[in-house]
Structures are given as C-alpha cells and as structure tokens.
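Everything below belongs to protein.cif, which stores mmCIF, C-alpha atoms.
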data_data
loop_
_atom_site.label_atom_id
_atom_site.label_comp_id
_atom_site.auth_asym_id
_atom_site.auth_seq_id
_atom_site.Cartn_x
_atom_site.Cartn_y
_atom_site.Cartn_z
CA MET S 920 -54.89 -10.82 36.57
CA SER S 921 -51.48 -11.81 37.76
CA HIS S 922 -50.81 -13.57 34.46
CA GLN S 923 -50.81 -10.29 32.48
CA ASP S 924 -47.64 -8.31 31.85
CA TRP S 925 -48.26 -4.58 32.29
CA ASP S 926 -44.66 -3.39 31.79
CA PRO S 927 -44.36 -0.71 29.08
CA ILE S 928 -42.79 -1.74 25.76
CA VAL S 929 -40.46 0.78 24.13
CA PHE S 930 -39.91 0.65 20.39
CA LYS S 931 -36.61 2.11 19.22
CA LYS S 932 -35.69 3.30 15.77
CA ARG S 933 -32.89 1.42 14.09
CA ALA S 934 -29.48 3.06 13.80
CA PRO S 935 -28.94 5.08 10.61
CA ARG S 936 -27.15 3.13 7.87
CA SER S 937 -25.56 6.07 6.09
CA ALA S 938 -24.37 9.57 6.83
CA ASN S 939 -27.16 11.07 4.73
CA GLU S 940 -29.78 9.14 6.67
CA ALA S 941 -28.25 10.31 9.95
CA ARG S 942 -28.30 13.94 8.79
CA ALA S 943 -31.95 13.55 7.75
CA ARG S 944 -32.79 12.41 11.30
CA GLY S 945 -30.90 15.34 12.80
CA VAL S 946 -27.93 13.37 14.15
CA LYS S 947 -24.59 15.21 14.15
CA VAL S 948 -22.18 13.59 11.67
CA SER S 949 -18.41 14.13 11.72
CA LYS S 950 -16.13 13.48 8.78
CA GLU S 951 -13.28 12.16 10.89
CA ARG S 952 -11.50 9.12 9.46
CA ALA S 953 -8.11 7.51 9.66
CA ASN S 954 -5.46 8.45 7.13
CA THR S 955 -4.57 5.80 4.62
CA LYS S 956 -0.97 5.40 3.53
CA ASN S 957 -1.48 7.42 0.36
CA GLU S 958 -3.22 10.27 2.20
CA ALA S 959 -0.49 10.35 4.83
CA TYR S 960 2.13 10.46 2.05
CA LYS S 961 0.28 13.26 0.25
CA ASN S 962 0.07 15.19 3.51
CA THR S 963 3.84 15.00 3.97
CA LEU S 964 4.38 16.20 0.40
CA ASN S 965 2.05 19.15 1.03
CA ALA S 966 3.87 19.95 4.27
CA ARG S 967 7.18 19.96 2.39
CA LYS S 968 5.77 22.36 -0.19
CA VAL S 969 4.54 24.67 2.56
CA GLU S 970 7.98 24.74 4.12
CA ASN S 971 9.48 25.70 0.72
CA GLU S 972 11.94 22.85 0.90
CA GLU S 973 13.09 21.29 -2.33
CA ILE S 974 13.22 17.60 -1.52
CA LYS S 975 13.74 15.20 -4.38
CA ILE S 976 12.14 11.85 -3.59
CA GLN S 977 14.52 9.12 -4.66
CA LYS S 978 12.95 6.82 -7.25
CA ILE S 979 14.45 3.49 -8.25
CA ASP S 980 17.47 3.79 -10.54
CA LEU S 981 16.83 2.94 -14.20
CA ASN S 982 19.87 0.60 -14.26
CA LEU S 983 18.47 -1.32 -11.29
CA SER S 984 15.05 -1.63 -12.91
CA LYS S 985 16.66 -3.00 -16.10
CA LEU S 986 18.71 -5.38 -13.95
CA ILE S 987 15.55 -6.71 -12.27
CA GLN S 988 13.92 -7.18 -15.65
CA LYS S 989 16.95 -8.99 -17.09
CA ALA S 990 17.28 -11.27 -14.05
CA ARG S 991 13.58 -12.12 -14.25
CA PHE S 992 13.91 -13.01 -17.94
CA ASN S 993 16.95 -15.20 -17.19
CA ALA S 994 15.06 -16.97 -14.42
CA LYS S 995 12.12 -17.46 -16.85
CA ILE S 996 9.62 -16.00 -14.39
CA SER S 997 6.77 -13.74 -15.45
CA GLN S 998 5.94 -10.54 -13.58
CA LYS S 999 2.82 -12.20 -12.28
CA GLY S 1000 4.77 -15.28 -11.17
CA LEU S 1001 7.33 -13.16 -9.30
CA ALA S 1002 4.56 -11.15 -7.66
CA GLU S 1003 2.85 -14.35 -6.50
CA LYS S 1004 6.08 -15.77 -5.10
CA LEU S 1005 6.71 -12.56 -3.15
CA ASN S 1006 3.03 -12.21 -2.09
CA LEU S 1007 2.77 -8.81 -3.79
CA GLN S 1008 0.47 -7.21 -6.30
CA LEU S 1009 1.47 -7.27 -9.95
CA SER S 1010 1.53 -3.46 -10.02
CA VAL S 1011 4.42 -3.43 -7.49
CA ILE S 1012 6.64 -5.53 -9.76
CA GLN S 1013 5.62 -3.43 -12.76
CA GLY S 1014 6.51 -0.28 -10.83
CA TYR S 1015 9.97 -1.61 -9.95
CA GLU S 1016 10.66 -2.60 -13.55
CA SER S 1017 9.44 0.72 -14.94
CA GLY S 1018 11.40 2.74 -12.35
CA LYS S 1019 8.39 4.60 -10.97
CA VAL S 1020 8.49 3.50 -7.32
CA ILE S 1021 10.36 4.51 -4.21
CA PRO S 1022 12.74 1.60 -3.51
CA ASN S 1023 12.26 -0.61 -0.46
CA LYS S 1024 15.49 -2.36 0.54
CA THR S 1025 13.83 -5.35 2.18
CA LEU S 1026 11.68 -5.92 -0.89
CA LEU S 1027 14.71 -5.58 -3.17
CA TYR S 1028 16.56 -8.10 -0.99
CA LYS S 1029 13.68 -10.61 -1.19
CA MET S 1030 13.34 -10.05 -4.92
CA GLY S 1031 17.08 -10.57 -5.35
CA LYS S 1032 16.94 -13.85 -3.42
CA MET S 1033 14.10 -15.02 -5.65
CA LEU S 1034 16.04 -14.08 -8.80
CA ASN S 1035 19.42 -15.25 -7.43
CA ILE S 1036 21.07 -11.84 -7.93
CA HIS S 1037 22.24 -9.03 -5.62
CA LEU S 1038 19.94 -5.99 -5.85
CA THR S 1039 21.23 -4.19 -2.74
CA GLY S 1040 24.62 -3.43 -1.23
CA LYS S 1041 28.02 -3.32 -2.92
CA ASN S 1042 27.55 -6.34 -5.18
CA ILE S 1043 24.57 -5.08 -7.19
CA GLY S 1044 24.20 -7.15 -10.35
CA LYS S 1045 26.36 -10.09 -9.23
CA LYS S 1046 24.98 -13.58 -8.76
CA ILE S 1047 24.39 -14.82 -5.24
CA LYS S 1048 26.85 -17.55 -4.30
CA GLU S 1049 25.21 -20.67 -2.95
#
Could you spell out this file's structure in structure tokens?
Amino acid sequence: MSHQDWDPIVFKKRAPRSANEARARGVKVSKERANTKNEAYKNTLNARKVENEEIKIQKIDLNLSKLIQKARFNAKISQKGLAEKLNLQLSVIQGYESGKVIPNKTLLYKMGKMLNIHLTGKNIGKKIKE
C-alpha cells in the first residue's frame, strides 16, 4: 500500500471578485482608495471653503486664448492636430482656447514652440526668432 497517497486534500474557495460578493461571504470590506487628481483638487477647494478664504483660481486670460487660436489658424493646424503633436487630449486644447483651464506654463511654452509664437514671459504674442 505504499503506492497510495493518504495526505489530506484541502479545497479552498476562490477569492471574492467584487465587494458585494465579499460582503455576502462575511469578509470585512473597506472603502479606502487613492485620491485621483480631480478628487485631490476638489478636496483642496473644500478645505479653502472651510477656512473661509476667498481664493480666486486664476484661469487662462481671454486674450491669451484668442492668441493661441489665432496662431493655430495661421499655422494651419487643427485642434486635433495640435493635440496629437503635443501628446495631449483634444479637450485640453479646447479648454485653453475657450479660457476654461488653469494655465500650465510648461504646456504653454511647448504649445508656443509648436505654433512659433511666445505664449509665456514678456514677449507674449511675438514670433519666436529662429
């Protein structure tokens, strides 16, 4: 009888696939998750409201957004084409041209290089000398 294996076999249940399934089995489920950028931003806005501080978040200037639009038309590049060249989403370019975003200087600099126009610094609106 030495050829027989008498070790016990233990069958285990598979791990739960969802939170509801885990709750049904009686496993404790926590709702802890990492903050995304938007949630972190919303949390800072809520904290500012709690502190009763009036902080105006600086949006992109309307003149700058019109300048971006004009430079893009002169360069004969579509919004989608500019977004692809800068490896961005189309909505980012649309936000900059509509004036609804918080400006990012590095992005404005890259966009200016693409459009051959200064979008940051003292020479805003002037062509880049090559």
Inset, instruction - Could you list the residues chosen by the PyMOL selection byres ((chain S and resi 1043) around 12) in this structure as number ranges by chain? - result: S: 980, 982-984, 986-987, 990, 1027-1028, 1031, 1035-1042, 1044-1047
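Closest approach to Gln998 in chain S from the set S:Leu1034, S:Val929, S:Ile979, S:Ile1021 is made by S:Leu1034, with distances taken over only C-alpha atoms.
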Legend entry - Separation of CA of Ala938 in chain S from CA of Lys950 in chain S in Å: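 Between these atoms lies a distance of 9.3 Å.
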Legend entry - From S:Ala943, S:Lys931, S:Met1033, S:Arg936, residue lying nearest Ile996 in chain S [all atoms listed in the file]: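 Using all atoms listed in the file, the shortest distance to Ile996 in chain S belongs to S:Met1033.
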Inset, instruction - Quick one: pull the distance between CA of Gln1008 in chain S and CA of Lys1029 in chain S, Å, one decimal. - result: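 Going from CA of Gln1008 in chain S over to CA of Lys1029 in chain S, I get 14.6 Å.
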